[in-house]
Amino acid sequence: MTAVLAESVARALCDDWAEQAEASSPSAARHPAGTDTPLRELSHWAATLRPQAVPCRVLKLAASQVLSQIASIRAGLQHPLGRKLVAAFGHPMQRDPRQAAGVFAALGSWLNLDDTAYAGHLSNSTVAVPLAFAYARRLDGLSLLTSVVVANECAARITASATLGPLRGQSAVHTHLAGAVAGRLHADRASASLYENAFGLAFAMPNWPLMRAFLASDARLFNTFTPVRTAMDACDAAYAGLRGAPDIMEHSDGFLARFATVPLPQAVAKGLGRRWHTDTLSFKMHPGGPGIDAAVDCAQEIHRELGPLRPQDVAEVVVEASLYTLFAGQRAAAYVTGPGSPLGALVLDVPYPVATTLLTGEFSVDDFSSPAVDDLDRWALAKRIRLEHDTEMTRELFLSDAPFGEAVREAGELAVPWLRGFGGDELVDLVGSVRADNRDFSRSTKATGARVTVRLTDGRTISRTRLIPIGAAGPETRHSHADLVREKFLSVGGPQEVADTVDRLHRMRPSAVRRWVETAFLD
């Protein structure tokens with residue numbers, strides 16, 4: 001089948017998101033004999049995947065992901081620090097797609113409004129880079145979405161292979177080496193050998209962020225900018241003929257040996273063409289994290305019932321959550337001291353967003369800048385908020401696929417030392433004996449739950465619980481992700497025209513895609 005015919009078939013199948021498009025292409029699902037490393041197998045799959053092999057539900061998720069990440073980029077552009085980044089490196093709508101990709105990536109990441117999956121904060125590279133190159137290369141909408149899916153699948157698998165390690169969430173910036181390489185090369189229709197060499201070169205010197213800089217300075221803006229730029233250089237080098245090591249992932253002197261406590265090299269190519277990591281997407285509806293989402297959802301419900309509160313009305317607020325939320329909050333707490341707290345730490349804090357939401361009824365990116373962040377009432381209430389561990393929420397967290405559950409199942413008994421290091425023997429006993437079950441992710445969940453209990457000075461108590469945050473992977477999000485991300489996009493001032501046409505992105509011709517992207521960012 002020629003490339004032109006394949007594209008027309010895929011477009012016909014996906015018209016009106018017809019479910020018939022779920023039939024996979026055999027040539028894309030298999031790999032030739034001799035692909036003897038996980039990276040080589042992944043590279044062949046990525047280079048040969050065509051749109052007709054992608055299930056329509058996955059393309060729908062990718063379309064929502066694109067709109068959601070554009071909302072995150074717009075939010076970054078509007079913040080004072082985002083404007084400084086643009087002053088240094090240019091607006092994302094610039095001529096050089098390599099530079100544009102880095103700016104797109106940085107603007108969409110540092111407010112923690114970016115979407116996640118099993119495994120990793122994918123969208124900062126897996127949407128940013130295809131978006132820049134689709135615009136520059138004049139790709140049609142279906143090609144853009146397919147590049148996003150390929151980038152998701154490559155970045156998520158490589159991140160999953162090192163999930164049981166010292167870096168997680170946004171600190172696992174190696175995610176974007178993979179996402180940026182795959183996102184660019186699929187837009188270029190590159191060969192498998194180019195993927196393999198570019199991956200190998202990108203992972204030759206993988207980035208390792210220092211938490212002091214991550215939490216205490218504006219360096220957080222570079223957590224995706226830097227690896228995306230590294231990936232662009234790796235692609236350029238591969239095009240020029242430089243070679244990377246094909247066994248860079250699993251070799252004893254390779255990536256996993258340094259970045260994983262429990263290496264999972266088998267995750268890199270597991271289930272290609274059958275299990276779609278894009279199915280595990282969680283859409284961020286509130287800035288900040290990890291783990292604040294459910295707490296803010298609960299605080300919104302409480303505000304709707306109680307109405308506006310004053311700090312003096314509240315005796316105490318208890319937020320019960322999993323170890324994951326507590327771990328991130330504890331890392332940030334030492335840096336969050338009130339007005340003037342560094343943004344890198346504030347986006348990981350739990351008391352400030354919960355206090356803000358209880359007082360105002362919402363939490364948005366504007367709450368991370370003046371005058372909102374200087375409001376003394378918010379900080380007075382935040383001091384009355386304490387976090388407690390809920391063991392059942394931790395159990396549900398590890399039963400989920402994201403962010404750790406699937407990796408723990410894949411590792412089996414080998415995960416015990418990592419679990420012990422993360423949560424002690426209590427966590428080892430809580431998780432119990434687990435093993436891989438080869439699930440296909442179509443029913444994926446991310447249970448990063450919270451319970452918020454407000455005790456008022458007049459003696460009243462009100463409590464709300466949410467196990468899966470609004471927008472997180474689960475049955476509600478699978479049903480309503482298009483509506484959720486539309487709401488997110490419009491909330492940051494996104495043009496109505498862009499929101500109204502995202503469901504037709506897969507049918508847009510190159511000229512229409514360019515107009516759509518320009519309308520999204522140049523209003």
# chains A, B, ... in the order shown; residues from 1 in each chain; ligands from 1

call {"tool": "residues_around", "arguments": {"residues": "A:Arg478", "least_positions_apart": "5", "cutoff": "12 Å", "atoms": "only C-alpha atoms", "output": "list in words"}}
result
Arg57, Val58, Lys60, Leu61, Ser64, Thr278, Asp279, Thr280, Leu281, Ser282, Phe283, Phe441, Ser442, Arg443, Ser444, Thr445, Ile470, Gly471, Ala472, Ala473, Asp483, Leu484 and Val485 of chain A

call {"tool": "write_last_selection", "arguments": {"atoms": "C-alpha atoms", "output": "mmCIF file, in the first residue's frame"}}
result
data_model
loop_
_atom_site.group_PDB
_atom_site.id
_atom_site.type_symbol
_atom_site.label_atom_id
_atom_site.label_comp_id
_atom_site.auth_asym_id
_atom_site.auth_seq_id
_atom_site.Cartn_x
_atom_site.Cartn_y
_atom_site.Cartn_z
ATOM 1 C CA ARG A 57 -10.242 5.842 20.681
ATOM 2 C CA VAL A 58 -6.479 6.471 20.858
ATOM 3 C CA LYS A 60 -9.475 10.805 20.050
ATOM 4 C CA LEU A 61 -7.387 10.871 23.205
ATOM 5 C CA SER A 64 -7.809 15.973 23.439
ATOM 6 C CA THR A 278 -1.910 6.727 25.284
ATOM 7 C CA ASP A 279 -4.922 4.965 26.847
ATOM 8 C CA THR A 280 -3.449 5.838 30.263
ATOM 9 C CA LEU A 281 -3.578 9.619 29.725
ATOM 10 C CA SER A 282 -4.693 11.783 32.622
ATOM 11 C CA PHE A 283 -5.661 15.374 31.824
ATOM 12 C CA PHE A 441 -4.577 -0.317 29.275
ATOM 13 C CA SER A 442 -7.974 0.270 27.642
ATOM 14 C CA ARG A 443 -9.492 0.390 31.142
ATOM 15 C CA SER A 444 -6.587 2.200 32.764
ATOM 16 C CA THR A 445 -6.948 4.149 36.024
ATOM 17 C CA ILE A 470 -11.489 14.918 37.599
ATOM 18 C CA GLY A 471 -9.583 14.379 34.357
ATOM 19 C CA ALA A 472 -7.472 11.476 35.609
ATOM 20 C CA ALA A 473 -7.470 8.132 33.811
ATOM 21 C CA ASP A 483 -15.555 18.132 27.138
ATOM 22 C CA LEU A 484 -13.036 18.399 29.978
ATOM 23 C CA VAL A 485 -10.165 19.663 27.855
#

call {"tool": "closest_atom_pairs", "arguments": {"of": "stretch 142-186 of chain A", "to": "stretch 205-229 of chain A", "cutoff": "9 Å", "atoms": "only C-alpha atoms", "output": "Markdown table"}}
result
| residue | atom | partner | partner_atom | distance |
| --- | --- | --- | --- | --- |
| A:Leu167 | CA | A:Trp208 | CA | 8.3 |
| A:Gln170 | CA | A:Asn223 | CA | 7.4 |
| A:Ser171 | CA | A:Pro209 | CA | 6.4 |
| A:Ala172 | CA | A:Trp208 | CA | 7.7 |
| A:Val173 | CA | A:Asn223 | CA | 6.2 |
| A:His174 | CA | A:Pro206 | CA | 6.1 |
| A:Thr175 | CA | A:Pro227 | CA | 8.5 |
| A:His176 | CA | A:Pro227 | CA | 5.8 |
| A:Leu177 | CA | A:Pro227 | CA | 5.4 |
| A:Ala178 | CA | A:Val228 | CA | 8.9 |
| A:Gly179 | CA | A:Val228 | CA | 8.2 |
| A:Ala180 | CA | A:Val228 | CA | 5.6 |
| A:Val181 | CA | A:Val228 | CA | 8.1 |

call {"tool": "write_last_selection", "arguments": {"atoms": "C-alpha atoms", "output": "mmCIF file, in the first residue's frame"}}
result
data_model
loop_
_atom_site.group_PDB
_atom_site.id
_atom_site.type_symbol
_atom_site.label_atom_id
_atom_site.label_comp_id
_atom_site.auth_asym_id
_atom_site.auth_seq_id
_atom_site.Cartn_x
_atom_site.Cartn_y
_atom_site.Cartn_z
ATOM 1 C CA LEU A 167 13.474 10.143 39.472
ATOM 2 C CA GLN A 170 8.501 15.967 36.318
ATOM 3 C CA SER A 171 11.969 15.171 37.663
ATOM 4 C CA ALA A 172 12.150 12.246 35.204
ATOM 5 C CA VAL A 173 13.192 14.594 32.433
ATOM 6 C CA HIS A 174 14.622 11.738 30.346
ATOM 7 C CA THR A 175 11.000 11.213 29.244
ATOM 8 C CA HIS A 176 11.489 14.143 26.899
ATOM 9 C CA LEU A 177 14.611 12.808 25.250
ATOM 10 C CA ALA A 178 12.451 9.972 23.945
ATOM 11 C CA GLY A 179 9.316 12.008 23.280
ATOM 12 C CA ALA A 180 11.164 14.700 21.361
ATOM 13 C CA VAL A 181 13.167 12.271 19.204
#

call {"tool": "closest_atom_pairs", "arguments": {"of": "stretch 298-398 of chain A", "to": "stretch 75-84 of chain A", "cutoff": "12 Å", "atoms": "only C-alpha atoms", "output": "Markdown table"}}
result
| residue | atom | partner | partner_atom | distance |
| --- | --- | --- | --- | --- |
| A:Pro342 | CA | A:Leu81 | CA | 11.7 |
| A:Leu343 | CA | A:Leu81 | CA | 9.7 |
| A:Gly344 | CA | A:Leu81 | CA | 11.4 |
| A:Ser364 | CA | A:Ala75 | CA | 9.4 |
| A:Val365 | CA | A:Ala75 | CA | 6.8 |
| A:Asp366 | CA | A:His79 | CA | 7.7 |
| A:Asp367 | CA | A:His79 | CA | 10.4 |
| A:Phe368 | CA | A:His79 | CA | 8.5 |
| A:Ser369 | CA | A:His79 | CA | 7.4 |
| A:Ser370 | CA | A:Pro80 | CA | 9.6 |

call {"tool": "write_last_selection", "arguments": {"atoms": "C-alpha atoms", "output": "PDB file, in the first residue's frame"}}
result
ATOM      1  CA  PRO A 342       9.693  29.968  44.979  1.00  0.00           C
ATOM      2  CA  LEU A 343       7.289  28.821  42.308  1.00  0.00           C
ATOM      3  CA  GLY A 344       9.210  25.571  41.806  1.00  0.00           C
ATOM      4  CA  SER A 364      -6.045  28.469  38.448  1.00  0.00           C
ATOM      5  CA  VAL A 365      -2.669  29.536  37.083  1.00  0.00           C
ATOM      6  CA  ASP A 366      -3.407  33.120  38.175  1.00  0.00           C
ATOM      7  CA  ASP A 367      -3.137  31.914  41.761  1.00  0.00           C
ATOM      8  CA  PHE A 368       0.599  31.362  41.242  1.00  0.00           C
ATOM      9  CA  SER A 369       1.331  35.047  40.624  1.00  0.00           C
ATOM     10  CA  SER A 370       0.668  38.410  42.280  1.00  0.00           C
TER      11      SER A 370
END

call {"tool": "closest_residue", "arguments": {"among": "A:Gly165, A:Pro469, A:Gly361, A:Gly120", "to": "A:Arg258", "atoms": "only C-alpha atoms"}}
result
A:Gly165

call {"tool": "closest_atom_pairs", "arguments": {"of": "stretch 153-213 of chain A", "to": "stretch 233-237 of chain A", "cutoff": "6 Å", "atoms": "only C-alpha atoms", "output": "JSON lines"}}
result
{"residue": "A:Ala198", "atom": "CA", "partner": "A:Cys235", "partner_atom": "CA", "distance": 5.0}
{"residue": "A:Leu201", "atom": "CA", "partner": "A:Ala234", "partner_atom": "CA", "distance": 5.5}
{"residue": "A:Ala202", "atom": "CA", "partner": "A:Ala234", "partner_atom": "CA", "distance": 5.2}

call {"tool": "write_last_selection", "arguments": {"atoms": "N, CA and C atoms", "output": "PDB file, in the first residue's frame"}}
result
ATOM      1  N   ALA A 198      19.315   8.213  16.756  1.00  0.00           N
ATOM      2  CA  ALA A 198      18.946   9.420  17.494  1.00  0.00           C
ATOM      3  C   ALA A 198      18.623   9.097  18.954  1.00  0.00           C
ATOM      4  N   LEU A 201      21.979   8.407  20.677  1.00  0.00           N
ATOM      5  CA  LEU A 201      22.746   9.628  20.920  1.00  0.00           C
ATOM      6  C   LEU A 201      22.103  10.485  22.010  1.00  0.00           C
ATOM      7  N   ALA A 202      20.776  10.579  22.001  1.00  0.00           N
ATOM      8  CA  ALA A 202      20.074  11.393  22.999  1.00  0.00           C
ATOM      9  C   ALA A 202      20.298  10.854  24.404  1.00  0.00           C
TER      10      ALA A 202
END

call {"tool": "closest_residue", "arguments": {"among": "A:Leu111, A:Ser433, A:Pro246, A:Ser161", "to": "A:Glu41", "atoms": "only C-alpha atoms"}}
result
A:Pro246

call {"tool": "closest_residue", "arguments": {"among": "A:His286, A:Arg157, A:His121, A:Arg189", "to": "A:Ala134", "atoms": "only C-alpha atoms"}}
result
A:Arg189

call {"tool": "closest_atom_pairs", "arguments": {"of": "stretch 368-408 of chain A", "to": "stretch 266-272 of chain A", "cutoff": "12 Å", "atoms": "only C-alpha atoms", "output": "Markdown table"}}
result
| residue | atom | partner | partner_atom | distance |
| --- | --- | --- | --- | --- |
| A:Glu406 | CA | A:Ala267 | CA | 10.0 |
| A:Ala407 | CA | A:Ala267 | CA | 8.6 |
| A:Val408 | CA | A:Ala267 | CA | 11.7 |

call {"tool": "write_last_selection", "arguments": {"atoms": "N, CA and C atoms", "output": "short mmCIF file (atom, residue, chain, number, x, y, z; two decimals), in the first residue's frame"}}
result
data_model
loop_
_atom_site.label_atom_id
_atom_site.label_comp_id
_atom_site.auth_asym_id
_atom_site.auth_seq_id
_atom_site.Cartn_x
_atom_site.Cartn_y
_atom_site.Cartn_z
N GLU A 406 1.66 -0.31 37.46
CA GLU A 406 2.03 -1.25 36.41
C GLU A 406 3.51 -1.61 36.49
N ALA A 407 4.36 -0.65 36.86
CA ALA A 407 5.78 -0.94 36.99
C ALA A 407 6.03 -1.94 38.12
N VAL A 408 5.33 -1.78 39.22
CA VAL A 408 5.48 -2.71 40.34
C VAL A 408 5.01 -4.10 39.94
#

call {"tool": "atom_distance", "arguments": {"atom1": "atom CA of A:Leu194", "atom2": "atom CA of A:Ala46"}}
result
10.9 Å

call {"tool": "atom_distance", "arguments": {"atom1": "atom CA of A:Gln99", "atom2": "atom CA of A:Glu196"}}
result
22.6 Å

call {"tool": "select_by_dssp", "arguments": {"residues": "stretch 294-354 of chain A", "states": "alpha helix (DSSP H)", "output": "ChimeraX atom specification"}}
result
/A:294-306,323-333,343-346,351-354

call {"tool": "write_last_selection", "arguments": {"atoms": "N, CA, C and O atoms", "output": "CSV table (one decimal), in the first residue's frame"}}
result
chain,number,residue,atom,x,y,z
A,294,ALA,N,-7.1,15.8,43.3
A,294,ALA,CA,-8.3,15.3,44.0
A,294,ALA,C,-8.6,16.2,45.2
A,294,ALA,O,-9.8,16.5,45.6
A,295,ALA,N,-7.6,16.7,45.9
A,295,ALA,CA,-7.8,17.6,47.1
A,295,ALA,C,-8.5,18.9,46.6
A,295,ALA,O,-9.4,19.4,47.3
A,296,VAL,N,-8.1,19.5,45.5
A,296,VAL,CA,-8.7,20.7,45.0
A,296,VAL,C,-10.1,20.4,44.6
A,296,VAL,O,-11.1,21.2,44.8
A,297,ASP,N,-10.4,19.2,43.9
A,297,ASP,CA,-11.7,18.9,43.5
A,297,ASP,C,-12.6,18.8,44.8
A,297,ASP,O,-13.8,19.3,44.8
A,298,CYS,N,-12.1,18.2,45.9
A,298,CYS,CA,-12.9,18.1,47.1
A,298,CYS,C,-13.1,19.5,47.7
A,298,CYS,O,-14.2,19.8,48.2
A,299,ALA,N,-12.1,20.3,47.7
A,299,ALA,CA,-12.3,21.7,48.2
A,299,ALA,C,-13.3,22.5,47.4
A,299,ALA,O,-14.0,23.3,48.0
A,300,GLN,N,-13.4,22.3,46.1
A,300,GLN,CA,-14.4,23.0,45.3
A,300,GLN,C,-15.8,22.6,45.8
A,300,GLN,O,-16.7,23.4,45.9
A,301,GLU,N,-16.0,21.3,46.0
A,301,GLU,CA,-17.3,20.8,46.4
A,301,GLU,C,-17.6,21.4,47.8
A,301,GLU,O,-18.8,21.8,48.0
A,302,ILE,N,-16.7,21.5,48.7
A,302,ILE,CA,-16.9,22.0,50.0
A,302,ILE,C,-17.3,23.5,49.9
A,302,ILE,O,-18.2,24.0,50.6
A,303,HIS,N,-16.6,24.2,49.1
A,303,HIS,CA,-16.9,25.7,48.9
A,303,HIS,C,-18.3,25.9,48.3
A,303,HIS,O,-19.0,26.8,48.8
A,304,ARG,N,-18.7,25.0,47.4
A,304,ARG,CA,-20.0,25.2,46.8
A,304,ARG,C,-21.1,25.0,47.9
A,304,ARG,O,-22.1,25.6,47.9
A,305,GLU,N,-20.8,24.1,48.9
A,305,GLU,CA,-21.8,23.9,50.0
A,305,GLU,C,-21.7,24.9,51.0
A,305,GLU,O,-22.8,25.4,51.5
A,306,LEU,N,-20.5,25.4,51.4
A,306,LEU,CA,-20.4,26.3,52.5
A,306,LEU,C,-20.4,27.8,52.1
A,306,LEU,O,-20.7,28.7,52.9
A,323,LEU,N,0.7,8.1,50.0
A,323,LEU,CA,2.1,8.4,50.2
A,323,LEU,C,2.7,9.2,49.1
A,323,LEU,O,3.6,10.1,49.4
A,324,TYR,N,2.2,9.1,47.9
A,324,TYR,CA,2.7,9.8,46.8
A,324,TYR,C,2.5,11.3,47.0
A,324,TYR,O,3.4,12.1,46.8
A,325,THR,N,1.3,11.7,47.4
A,325,THR,CA,1.0,13.1,47.6
A,325,THR,C,1.8,13.6,48.8
A,325,THR,O,2.3,14.7,48.7
A,326,LEU,N,1.9,12.8,49.9
A,326,LEU,CA,2.6,13.3,51.0
A,326,LEU,C,4.1,13.4,50.7
A,326,LEU,O,4.8,14.4,51.2
A,327,PHE,N,4.7,12.5,49.9
A,327,PHE,CA,6.1,12.6,49.6
A,327,PHE,C,6.4,13.9,48.9
A,327,PHE,O,7.4,14.6,49.2
A,328,ALA,N,5.6,14.2,47.8
A,328,ALA,CA,5.9,15.5,47.1
A,328,ALA,C,5.7,16.7,48.0
A,328,ALA,O,6.5,17.6,47.9
A,329,GLY,N,4.6,16.7,48.8
A,329,GLY,CA,4.4,17.8,49.7
A,329,GLY,C,5.5,18.0,50.7
A,329,GLY,O,5.9,19.2,51.0
A,330,GLN,N,6.0,16.9,51.2
A,330,GLN,CA,7.1,17.1,52.2
A,330,GLN,C,8.4,17.6,51.6
A,330,GLN,O,9.1,18.4,52.2
A,331,ARG,N,8.7,17.3,50.3
A,331,ARG,CA,9.8,17.8,49.6
A,331,ARG,C,9.7,19.3,49.5
A,331,ARG,O,10.7,20.1,49.5
A,332,ALA,N,8.5,19.8,49.2
A,332,ALA,CA,8.3,21.2,48.9
A,332,ALA,C,8.1,22.0,50.2
A,332,ALA,O,8.4,23.2,50.2
A,333,ALA,N,7.7,21.4,51.3
A,333,ALA,CA,7.3,22.2,52.5
A,333,ALA,C,8.4,23.1,53.0
A,333,ALA,O,8.1,24.2,53.5
A,343,LEU,N,8.4,29.5,43.1
A,343,LEU,CA,7.3,28.8,42.3
A,343,LEU,C,7.6,27.3,42.1
A,343,LEU,O,6.7,26.5,42.1
A,344,GLY,N,8.9,27.0,42.0
A,344,GLY,CA,9.2,25.6,41.8
A,344,GLY,C,8.7,24.7,42.9
A,344,GLY,O,8.4,23.5,42.7
A,345,ALA,N,8.7,25.2,44.2
A,345,ALA,CA,8.2,24.5,45.3
A,345,ALA,C,6.7,24.7,45.5
A,345,ALA,O,6.0,23.7,45.8
A,346,LEU,N,6.2,25.9,45.2
A,346,LEU,CA,4.8,26.1,45.4
A,346,LEU,C,3.9,25.3,44.6
A,346,LEU,O,2.8,24.9,45.0
A,351,PRO,N,-1.2,22.6,50.9
A,351,PRO,CA,-2.0,23.5,51.7
A,351,PRO,C,-2.4,24.8,50.9
A,351,PRO,O,-3.5,25.2,51.0
A,352,TYR,N,-1.5,25.4,50.2
A,352,TYR,CA,-1.8,26.6,49.5
A,352,TYR,C,-3.0,26.5,48.5
A,352,TYR,O,-3.9,27.2,48.5
A,353,PRO,N,-2.9,25.5,47.6
A,353,PRO,CA,-4.1,25.4,46.6
A,353,PRO,C,-5.4,25.0,47.3
A,353,PRO,O,-6.4,25.4,46.9
A,354,VAL,N,-5.3,24.2,48.4
A,354,VAL,CA,-6.5,23.8,49.1
A,354,VAL,C,-7.1,25.0,49.8
A,354,VAL,O,-8.3,25.3,49.7

call {"tool": "select_by_dssp", "arguments": {"residues": "stretch 215-460 of chain A", "states": "strand (DSSP E or B)", "output": "count of residues only"}}
result
21

call {"tool": "atom_distance", "arguments": {"atom1": "atom CA of A:Ile292", "atom2": "atom CA of A:Ala151"}}
result
26.8 Å

call {"tool": "closest_residue", "arguments": {"among": "A:Ser322, A:Gln65, A:Asn438, A:Asn152", "to": "A:Arg451", "atoms": "only C-alpha atoms"}}
result
A:Ser322

call {"tool": "closest_residue", "arguments": {"among": "A:Val103, A:Leu39, A:Val319, A:Val262", "to": "A:Trp418", "atoms": "only C-alpha atoms"}}
result
A:Val262
